[in-house]
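Novice: If it helps, the file is called data_21.txt and holds compact mmCIF, C-alpha atoms and all ligand atoms:
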# COMPACT_ATOMS: atom_id res chain seq x y z
CA MET W 1 16.87 26.40 12.77
CA SER W 2 13.11 26.02 12.88
CA SER W 3 12.60 29.40 11.22
CA ASP W 4 14.98 28.32 8.44
CA VAL W 5 12.88 25.21 7.88
CA LEU W 6 9.70 27.27 7.63
CA GLN W 7 11.38 29.83 5.36
CA ALA W 8 12.45 27.00 3.05
CA PHE W 9 8.92 25.61 3.16
CA ALA W 10 7.39 29.01 2.31
CA SER W 11 9.87 29.45 -0.55
CA ALA W 12 9.03 25.99 -1.88
CA LEU W 13 5.32 26.85 -1.80
CA SER W 14 5.80 30.15 -3.62
CA SER W 15 8.12 28.65 -6.23
CA GLY W 16 5.79 25.74 -6.88
CA ALA W 17 8.35 23.18 -5.69
CA ILE W 18 5.60 22.18 -3.28
CA SER W 19 2.05 22.19 -4.64
CA VAL W 20 -1.26 21.95 -2.80
CA VAL W 21 -3.77 19.34 -3.96
CA ASP W 22 -7.41 19.53 -2.85
CA LEU W 23 -8.62 16.09 -1.77
CA SER W 24 -12.16 17.32 -1.04
CA GLN W 25 -15.42 16.83 -2.90
CA GLU W 26 -17.72 19.80 -3.45
CA LEU W 27 -20.43 20.06 -0.78
CA SER W 28 -23.98 20.65 -2.09
CA PRO W 29 -27.57 19.41 -1.67
CA GLU W 30 -26.59 16.76 -4.24
CA THR W 31 -23.89 15.35 -1.93
CA VAL W 32 -24.75 11.68 -1.43
CA VAL W 33 -25.39 10.73 2.22
CA ILE W 34 -25.24 7.20 3.56
CA ASN W 35 -28.60 5.43 4.04
CA LEU W 36 -29.02 3.27 7.12
CA PRO W 37 -31.74 0.61 7.17
CA PRO W 38 -34.61 0.89 9.68
CA PRO W 39 -34.78 1.19 12.65
CA PHE W 40 -31.65 3.35 12.63
CA ALA W 41 -31.89 7.15 12.50
CA GLN W 42 -30.68 8.98 9.41
CA SER W 43 -28.05 11.67 9.04
CA ALA W 44 -29.38 14.86 7.43
CA PRO W 45 -28.32 15.90 3.93
CA PHE W 46 -26.56 19.18 3.24
CA ARG W 47 -28.96 22.14 3.12
CA ILE W 48 -28.24 25.71 2.13
CA GLU W 49 -30.46 28.79 2.20
CA GLN W 50 -29.53 32.28 1.24
CA VAL W 51 -29.58 34.96 3.94
CA SER W 52 -28.93 37.84 1.56
CA ALA W 53 -27.20 38.56 -1.72
CA TYR W 54 -26.59 42.32 -2.12
CA ASP W 55 -30.34 42.90 -1.83
CA ASP W 56 -32.94 44.28 0.59
CA LYS W 57 -31.94 41.62 3.13
CA GLY W 58 -28.33 42.77 3.01
CA PRO W 59 -27.47 45.42 0.43
CA ALA W 60 -23.68 44.96 0.36
CA TRP W 61 -23.20 41.37 1.43
CA TYR W 62 -23.85 37.77 0.40
CA TRP W 63 -24.10 34.84 2.81
CA ASN W 64 -25.94 31.59 3.43
CA ASN W 65 -27.17 29.45 6.30
CA ILE W 66 -26.16 25.82 6.05
CA SER W 67 -27.03 22.64 7.94
CA LEU W 68 -25.71 19.14 7.57
CA GLY W 69 -24.80 15.94 9.36
CA GLU W 70 -21.27 15.72 10.73
CA HIS W 71 -20.48 12.83 8.38
CA THR W 72 -21.47 14.48 5.09
CA GLY W 73 -19.31 14.62 2.00
CA THR W 74 -15.55 14.68 2.41
CA HIS W 75 -15.26 14.33 6.16
CA PHE W 76 -13.18 13.39 9.16
CA ASP W 77 -14.14 10.59 11.58
CA ALA W 78 -13.05 11.26 15.17
CA PRO W 79 -12.38 8.27 17.45
CA VAL W 80 -15.47 9.00 19.54
CA HIS W 81 -17.60 8.31 16.44
CA TRP W 82 -17.51 4.60 17.27
CA MET W 83 -18.50 2.89 20.51
CA THR W 84 -15.00 1.42 20.78
CA GLY W 85 -13.56 4.94 21.02
CA ARG W 86 -16.21 6.48 23.26
CA SER W 87 -14.09 6.60 26.44
CA LEU W 88 -10.76 7.57 24.91
CA PRO W 89 -9.13 10.87 25.91
CA ALA W 90 -8.98 13.73 23.40
CA SER W 91 -11.12 11.83 20.92
CA THR W 92 -13.71 14.47 19.96
CA THR W 93 -13.35 17.03 17.18
CA ASP W 94 -12.61 19.83 19.67
CA THR W 95 -10.10 17.93 21.82
CA ILE W 96 -7.91 16.11 19.28
CA ALA W 97 -4.39 17.49 19.54
CA PRO W 98 -3.85 19.78 16.50
CA GLY W 99 -0.45 18.24 15.84
CA ARG W 100 -2.23 15.03 14.88
CA LEU W 101 -4.04 16.79 12.03
CA VAL W 102 -0.98 17.15 9.79
CA ALA W 103 0.60 13.84 8.78
CA PRO W 104 2.26 11.97 5.89
CA ALA W 105 0.20 9.81 3.57
CA CYS W 106 0.79 6.45 1.92
CA VAL W 107 -1.40 6.01 -1.15
CA ILE W 108 -2.36 2.47 -2.12
CA ASP W 109 -3.46 2.30 -5.76
CA VAL W 110 -6.17 -0.32 -6.18
CA GLU W 111 -8.08 1.40 -8.98
CA ALA W 112 -7.71 -1.56 -11.34
CA GLU W 113 -8.86 -4.03 -8.70
CA CYS W 114 -11.91 -1.87 -7.83
CA ALA W 115 -12.81 -1.42 -11.49
CA ALA W 116 -12.88 -5.21 -11.83
CA ASP W 117 -14.68 -5.79 -8.52
CA PRO W 118 -16.64 -2.98 -6.84
CA ALA W 119 -16.68 -5.02 -3.61
CA PHE W 120 -12.87 -5.32 -3.62
CA LEU W 121 -11.36 -5.87 -0.18
CA LEU W 122 -7.97 -4.44 0.71
CA MET W 123 -5.93 -7.20 2.34
CA ARG W 124 -2.77 -7.26 4.44
CA ALA W 125 -0.94 -8.97 1.54
CA LYS W 126 -1.62 -5.96 -0.70
CA LEU W 127 -0.09 -3.60 1.87
CA LEU W 128 2.94 -5.87 2.26
CA ALA W 129 3.38 -5.91 -1.53
CA TRP W 130 3.08 -2.10 -1.55
CA GLU W 131 5.75 -1.91 1.18
CA ALA W 132 8.09 -4.16 -0.83
CA GLU W 133 7.98 -1.48 -3.53
CA HIS W 134 7.71 1.74 -1.53
CA GLY W 135 9.05 0.98 1.94
CA ARG W 136 7.42 0.39 5.29
CA ILE W 137 4.32 2.41 6.17
CA PRO W 138 5.68 4.78 8.85
CA ALA W 139 4.05 5.05 12.25
CA GLY W 140 1.72 8.05 12.29
CA ALA W 141 1.09 7.98 8.52
CA TRP W 142 -2.31 7.82 6.88
CA VAL W 143 -3.14 4.92 4.59
CA LEU W 144 -5.25 6.27 1.73
CA MET W 145 -7.00 3.77 -0.52
CA ARG W 146 -7.03 5.04 -4.09
CA SER W 147 -10.01 3.22 -5.60
CA GLY W 148 -11.18 5.62 -8.31
CA TRP W 149 -14.56 5.60 -6.54
CA SER W 150 -14.70 9.41 -6.43
CA ARG W 151 -15.50 9.44 -10.16
CA ARG W 152 -18.86 7.80 -9.39
CA THR W 153 -21.91 10.05 -8.98
CA GLY W 154 -25.56 9.62 -7.95
CA ASP W 155 -26.74 6.07 -7.22
CA ALA W 156 -23.45 4.60 -8.42
CA PHE W 157 -21.67 6.20 -5.46
CA LEU W 158 -23.50 4.14 -2.80
CA ASN W 159 -23.91 1.32 -5.35
CA VAL W 160 -26.70 -0.46 -3.50
CA GLY W 161 -27.68 -3.75 -5.12
CA LYS W 162 -29.97 -6.62 -4.17
CA THR W 163 -27.47 -7.78 -1.54
CA GLY W 164 -26.87 -4.30 -0.12
CA PRO W 165 -24.13 -1.74 -0.76
CA GLN W 166 -21.19 -2.87 -2.85
CA SER W 167 -18.11 -0.72 -2.42
CA PRO W 168 -14.46 -1.39 -1.59
CA GLY W 169 -12.78 -1.24 1.80
CA PRO W 170 -10.34 -3.03 4.07
CA ASP W 171 -10.93 -6.52 5.44
CA PRO W 172 -10.70 -7.00 9.25
CA ASP W 173 -7.20 -8.50 9.21
CA CYS W 174 -5.90 -5.62 7.09
CA VAL W 175 -7.29 -3.11 9.59
CA LYS W 176 -5.65 -4.98 12.48
CA PHE W 177 -2.36 -4.87 10.55
CA MET W 178 -2.61 -1.10 10.01
CA VAL W 179 -3.52 -0.47 13.66
CA ASP W 180 -1.40 -3.01 15.56
CA ASP W 181 1.62 -3.53 13.30
CA ARG W 182 1.96 -0.12 11.63
CA ASP W 183 0.40 2.31 14.14
CA VAL W 184 -1.10 4.42 11.34
CA ALA W 185 -2.74 7.83 11.86
CA GLY W 186 -5.90 6.55 10.23
CA PHE W 187 -7.46 5.18 7.06
CA GLY W 188 -8.84 7.29 4.23
CA THR W 189 -11.06 6.30 1.35
CA GLU W 190 -12.92 7.67 -1.67
CA THR W 191 -16.16 5.91 -0.67
CA VAL W 192 -18.95 7.21 1.59
CA GLY W 193 -17.34 5.69 4.71
CA THR W 194 -14.10 4.00 5.71
CA ASP W 195 -15.58 0.50 5.75
CA ALA W 196 -16.51 -1.60 2.74
CA GLY W 197 -20.14 -1.56 1.62
CA ALA W 198 -20.64 -5.12 2.89
CA ALA W 199 -18.87 -4.50 6.23
CA HIS W 200 -22.09 -4.92 8.22
CA SER W 201 -21.64 -8.65 7.54
CA PHE W 202 -17.94 -8.82 8.54
CA THR W 203 -16.52 -10.21 11.79
CA PRO W 204 -16.51 -7.85 13.54
CA PRO W 205 -19.01 -5.66 11.68
CA PHE W 206 -17.47 -2.40 10.43
CA PRO W 207 -13.88 -3.43 11.31
CA CYS W 208 -12.32 -0.14 10.19
CA HIS W 209 -14.54 1.88 12.50
CA THR W 210 -14.25 -0.72 15.29
CA PHE W 211 -10.47 -1.15 15.33
CA MET W 212 -9.28 2.28 14.12
CA HIS W 213 -11.41 4.32 16.49
CA GLY W 214 -10.89 1.86 19.37
CA ALA W 215 -7.16 2.60 18.98
CA ASN W 216 -7.77 6.40 18.95
CA LYS W 217 -7.15 6.61 15.20
CA PHE W 218 -9.00 8.57 12.56
CA GLY W 219 -10.94 8.11 9.36
CA LEU W 220 -11.37 10.16 6.18
CA ALA W 221 -14.23 9.48 3.78
CA SER W 222 -15.26 10.69 0.31
CA LEU W 223 -11.78 11.83 -0.67
CA THR W 224 -10.97 12.66 -4.28
CA ASN W 225 -7.88 13.42 -6.38
CA LEU W 226 -5.89 10.61 -4.78
CA ASP W 227 -4.59 9.89 -8.30
CA LYS W 228 -2.75 13.23 -8.07
CA LEU W 229 -0.68 12.06 -5.08
CA PRO W 230 2.56 10.10 -5.10
CA ALA W 231 2.59 6.70 -3.37
CA THR W 232 4.71 8.26 -0.62
CA GLY W 233 5.90 11.74 0.25
CA ALA W 234 2.68 13.73 0.44
CA VAL W 235 1.64 15.39 3.69
CA ILE W 236 -2.07 15.86 4.34
CA ILE W 237 -3.85 18.47 6.45
CA THR W 238 -7.11 17.23 7.94
CA PRO W 239 -8.62 19.58 10.54
CA PRO W 240 -12.28 18.92 11.38
CA LEU W 241 -14.43 21.84 12.53
CA LYS W 242 -13.95 22.38 16.26
CA ILE W 243 -17.43 21.15 17.15
CA LYS W 244 -17.71 20.77 20.92
CA GLY W 245 -18.01 17.06 21.57
CA GLY W 246 -18.25 16.40 17.82
CA SER W 247 -17.92 12.91 16.33
CA GLY W 248 -16.60 14.15 13.00
CA SER W 249 -16.93 17.00 10.57
CA PRO W 250 -16.83 17.94 6.94
CA CYS W 251 -13.22 18.66 6.13
CA ARG W 252 -11.33 20.52 3.41
CA VAL W 253 -8.56 17.94 3.15
CA LEU W 254 -5.43 19.38 1.55
CA ALA W 255 -2.28 17.56 0.45
CA LEU W 256 1.18 19.07 0.14
CA VAL W 257 3.04 17.42 -2.71
CA GLY W 258 6.67 17.99 -3.60
CA GLY W 259 8.40 17.86 -6.96
MN MN R 1 -17.93 9.13 8.94
Now that the file is in, can you turn its structure into structure tokens?

Specialist:
Amino acid sequence: MSSDVLQAFASALSSGAISVVDLSQELSPETVVINLPPPFAQSAPFRIEQVSAYDDKGPAWYWNNISLGEHTGTHFDAPVHWMTGRSLPASTTDTIAPGRLVAPACVIDVEAECAADPAFLLMRAKLLAWEAEHGRIPAGAWVLMRSGWSRRTGDAFLNVGKTGPQSPGPDPDCVKFMVDDRDVAGFGTETVGTDAGAAHSFTPPFPCHTFMHGANKFGLASLTNLDKLPATGAVIITPPLKIKGGSGSPCRVLALVGG
């Protein structure tokens, strides 16, 4: 039976009945990295240096050395990333059960709201309204916030103003709803991190990191192409690099989309 299911899946991939959508941003030295205010330490930007390119350093081969912070570009947040998740079992990039890295996705379209208000907060009421149209968010599903933010580049991506960063994210009550009432896999966003730009001022600060990771759930940041996904029915593949003891990792997030 299981081999029949996989055969049907392989046939659907080859026929195009299932397509693969890349939800990842390109990784380059231009990739925008979050800035923390002093006295906090900074994550390093992406760096790349050529080792050889079919030349004296390697006549038949091309390769590069790279270095970067774990939370650079499109990336996965492991539960251990936050203090609330520090003591949880199997919460580092190398120990998370691989079966947890393939899961369905619910896509919440708030592009219009975020265009009108870059500090838009996703509330429980919005998710309940989404469920009235699309059905209940299943346990173990990702909630992906489609904000349109991935179209922003350069300074507009962090969007730091006089009052600090202004970017959309969930409010604390909405995060509690996703964690406690819907038992989601995690929360994914197009912005630089899973929390809103102003989340340092929330109660608690950074509620998405605090509650999600404290409940052994995940985060995905800097996603793109969410407008190419249906509201329900997509399955996303989110494996971080198997960094020993890692708190997160750049991730080539792929979505399987039917129809
Ligand atoms: Mn992160």

Novice: Residues near Thr31 of chain W, anyone? I mean within 8 Å using only C-alpha atoms, not counting same-chain ones fewer than 6 positions away, as a tab-separated table (two decimals) with C-alpha atoms, in the coordinates of the input.

Specialist:
chain	number	residue	atom	x	y	z
W	45	PRO	CA	-28.32	15.90	3.93
W	46	PHE	CA	-26.56	19.18	3.24
W	72	THR	CA	-21.47	14.48	5.09
W	73	GLY	CA	-19.31	14.62	2.00

Novice: Calculate how many Å separate atom CA of Thr92 of chain W from atom CA of Arg182 of chain W, rounding to one decimal.

Specialist: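 The value is 23.0 Å.
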
Novice: Provide the atom CA of Ala116 of chain W to atom CA of Pro207 of chain W distance in Å, to one decimal place.

Specialist: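 Between atom CA of Ala116 of chain W and atom CA of Pro207 of chain W the gap is 23.2 Å.
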
Novice: Please identify every residue of chain W that has at least one atom no farther than 12 Å from an atom of ligand MN 1 (chain R), counting all atoms listed in the file, and for each give the shortest atom pair and the distance in Å to one decimal, arranged by chain then increasing number, as CSV.

Specialist:
residue,atom,partner,partner_atom,distance
W:Val33,CA,R:MN1,MN,10.2
W:Ile34,CA,R:MN1,MN,9.3
W:Ser43,CA,R:MN1,MN,10.4
W:Gly69,CA,R:MN1,MN,9.7
W:Glu70,CA,R:MN1,MN,7.6
W:His71,CA,R:MN1,MN,4.5
W:Thr72,CA,R:MN1,MN,7.5
W:Gly73,CA,R:MN1,MN,9.0
W:Thr74,CA,R:MN1,MN,8.9
W:His75,CA,R:MN1,MN,6.5
W:Phe76,CA,R:MN1,MN,6.4
W:Asp77,CA,R:MN1,MN,4.8
W:Ala78,CA,R:MN1,MN,8.2
W:Pro79,CA,R:MN1,MN,10.2
W:Val80,CA,R:MN1,MN,10.9
W:His81,CA,R:MN1,MN,7.6
W:Trp82,CA,R:MN1,MN,9.5
W:Phe187,CA,R:MN1,MN,11.3
W:Gly188,CA,R:MN1,MN,10.4
W:Thr189,CA,R:MN1,MN,10.6
W:Glu190,CA,R:MN1,MN,11.8
W:Thr191,CA,R:MN1,MN,10.3
W:Val192,CA,R:MN1,MN,7.7
W:Gly193,CA,R:MN1,MN,5.5
W:Thr194,CA,R:MN1,MN,7.2
W:Asp195,CA,R:MN1,MN,9.5
W:Phe206,CA,R:MN1,MN,11.6
W:Cys208,CA,R:MN1,MN,10.9
W:His209,CA,R:MN1,MN,8.8
W:His213,CA,R:MN1,MN,11.1
W:Phe218,CA,R:MN1,MN,9.7
W:Gly219,CA,R:MN1,MN,7.1
W:Leu220,CA,R:MN1,MN,7.2
W:Ala221,CA,R:MN1,MN,6.4
W:Ser222,CA,R:MN1,MN,9.2
W:Leu223,CA,R:MN1,MN,11.7
W:Pro240,CA,R:MN1,MN,11.6
W:Gly246,CA,R:MN1,MN,11.5
W:Ser247,CA,R:MN1,MN,8.3
W:Gly248,CA,R:MN1,MN,6.6
W:Ser249,CA,R:MN1,MN,8.1
W:Pro250,CA,R:MN1,MN,9.1
W:Cys251,CA,R:MN1,MN,11.0

Novice: Just want the 8 Å neighbourhood of Val143 of chain W, counted on only C-alpha atoms, with same-chain residues fewer than 2 positions away dropped. Output as an MDAnalysis selection string.

Specialist: chainID W and resid 105:108 141 145 184:188

Novice: Just give me the gap between atom CA of Arg86 of chain W and atom CA of Val32 of chain W in Å, one decimal is fine.

Specialist: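 Between these atoms lies a distance of 26.6 Å.
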
Novice: Pick from W:Ser24, W:Asn35, W:Ser19, W:Thr84: nearest to Asp155 of chain W, with all atoms listed in the file counted?

Specialist: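 Looking only at the distances to Asp155 of chain W, the closest residue turns out to be W:Asn35.
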
Novice: Nearest residue to Ala199 of chain W out of W:Ala156, W:Gly85, W:Ala119, W:Arg146, using only C-alpha atoms?

Specialist: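 Using only C-alpha atoms, the shortest distance to Ala199 of chain W belongs to W:Ala119.
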
Novice: Quick test: take segment 14-114 of chain W, keep C-alpha atoms, and write it as a compact mmCIF listing (two decimals), in the first residue's frame.

Specialist:
# COMPACT_ATOMS: atom_id res chain seq x y z
CA SER W 14 6.46 13.75 -13.20
CA SER W 15 3.13 14.61 -14.80
CA GLY W 16 3.05 18.04 -13.20
CA ALA W 17 -0.10 17.26 -11.22
CA ILE W 18 2.05 18.18 -8.24
CA SER W 19 4.45 21.09 -8.69
CA VAL W 20 7.33 22.24 -6.51
CA VAL W 21 7.43 25.89 -5.45
CA ASP W 22 10.64 27.40 -4.04
CA LEU W 23 9.84 29.49 -0.96
CA SER W 24 13.48 30.56 -0.47
CA GLN W 25 15.21 33.86 -1.08
CA GLU W 26 18.58 33.91 -2.84
CA LEU W 27 21.51 33.94 -0.40
CA SER W 28 24.25 36.51 -1.15
CA PRO W 29 26.40 39.18 0.54
CA GLU W 30 23.43 41.49 -0.12
CA THR W 31 21.13 39.35 2.06
CA VAL W 32 19.78 41.67 4.75
CA VAL W 33 20.66 40.58 8.31
CA ILE W 34 18.83 41.73 11.41
CA ASN W 35 20.51 44.53 13.42
CA LEU W 36 20.37 44.30 17.19
CA PRO W 37 20.93 47.43 19.28
CA PRO W 38 23.95 47.64 21.60
CA PRO W 39 25.03 45.93 23.80
CA PHE W 40 23.87 42.81 21.97
CA ALA W 41 26.24 40.88 19.69
CA GLN W 42 25.57 40.83 15.96
CA SER W 43 25.02 37.90 13.63
CA ALA W 44 27.49 37.81 10.73
CA PRO W 45 26.37 38.52 7.16
CA PHE W 46 26.75 35.97 4.38
CA ARG W 47 30.29 35.84 2.98
CA ILE W 48 31.56 33.93 -0.02
CA GLU W 49 35.09 33.52 -1.37
CA GLN W 50 36.16 31.52 -4.34
CA VAL W 51 38.47 28.54 -3.76
CA SER W 52 39.02 27.83 -7.45
CA ALA W 53 37.27 28.19 -10.77
CA TYR W 54 38.89 25.92 -13.40
CA ASP W 55 42.18 27.74 -12.84
CA ASP W 56 45.62 27.21 -11.27
CA LYS W 57 43.96 26.68 -7.88
CA GLY W 58 41.81 23.89 -9.29
CA PRO W 59 42.03 23.30 -13.04
CA ALA W 60 38.83 21.28 -13.49
CA TRP W 61 36.65 22.41 -10.63
CA TYR W 62 34.78 25.41 -9.23
CA TRP W 63 33.89 25.87 -5.56
CA ASN W 64 33.56 28.49 -2.84
CA ASN W 65 34.01 28.86 0.90
CA ILE W 66 31.05 30.43 2.65
CA SER W 67 30.35 31.70 6.16
CA LEU W 68 27.19 33.07 7.68
CA GLY W 69 25.09 33.33 10.80
CA GLU W 70 22.60 30.53 11.39
CA HIS W 71 19.70 32.97 11.08
CA THR W 72 20.57 34.47 7.69
CA GLY W 73 18.19 34.78 4.78
CA THR W 74 15.44 32.21 4.41
CA HIS W 75 15.98 30.16 7.53
CA PHE W 76 14.60 27.75 10.08
CA ASP W 77 14.34 28.57 13.80
CA ALA W 78 14.82 25.54 16.06
CA PRO W 79 13.15 25.55 19.49
CA VAL W 80 16.49 25.87 21.27
CA HIS W 81 16.93 29.29 19.59
CA TRP W 82 14.92 30.87 22.40
CA MET W 83 15.51 30.64 26.15
CA THR W 84 12.03 29.17 26.61
CA GLY W 85 13.04 26.18 24.48
CA ARG W 86 16.56 25.69 25.82
CA SER W 87 15.82 22.57 27.89
CA LEU W 88 13.43 20.82 25.52
CA PRO W 89 14.36 17.41 24.09
CA ALA W 90 15.26 17.09 20.41
CA SER W 91 15.16 20.85 19.94
CA THR W 92 18.44 21.49 18.09
CA THR W 93 18.94 21.36 14.33
CA ASP W 94 20.65 17.95 14.53
CA THR W 95 18.16 16.30 16.90
CA ILE W 96 14.76 17.39 15.57
CA ALA W 97 12.92 14.30 14.34
CA PRO W 98 13.06 14.37 10.50
CA GLY W 99 9.36 13.51 10.27
CA ARG W 100 8.62 16.95 11.71
CA LEU W 101 10.30 18.64 8.74
CA VAL W 102 7.57 17.81 6.22
CA ALA W 103 4.16 19.26 7.07
CA PRO W 104 1.05 20.89 5.58
CA ALA W 105 0.77 24.66 5.38
CA CYS W 106 -2.07 27.11 5.94
CA VAL W 107 -1.44 30.40 4.15
CA ILE W 108 -3.01 33.51 5.62
CA ASP W 109 -3.21 36.30 3.04
CA VAL W 110 -2.75 39.67 4.72
CA GLU W 111 -1.01 41.42 1.83
CA ALA W 112 -3.63 44.18 1.63
CA GLU W 113 -3.50 44.80 5.37
CA CYS W 114 0.33 44.98 5.34
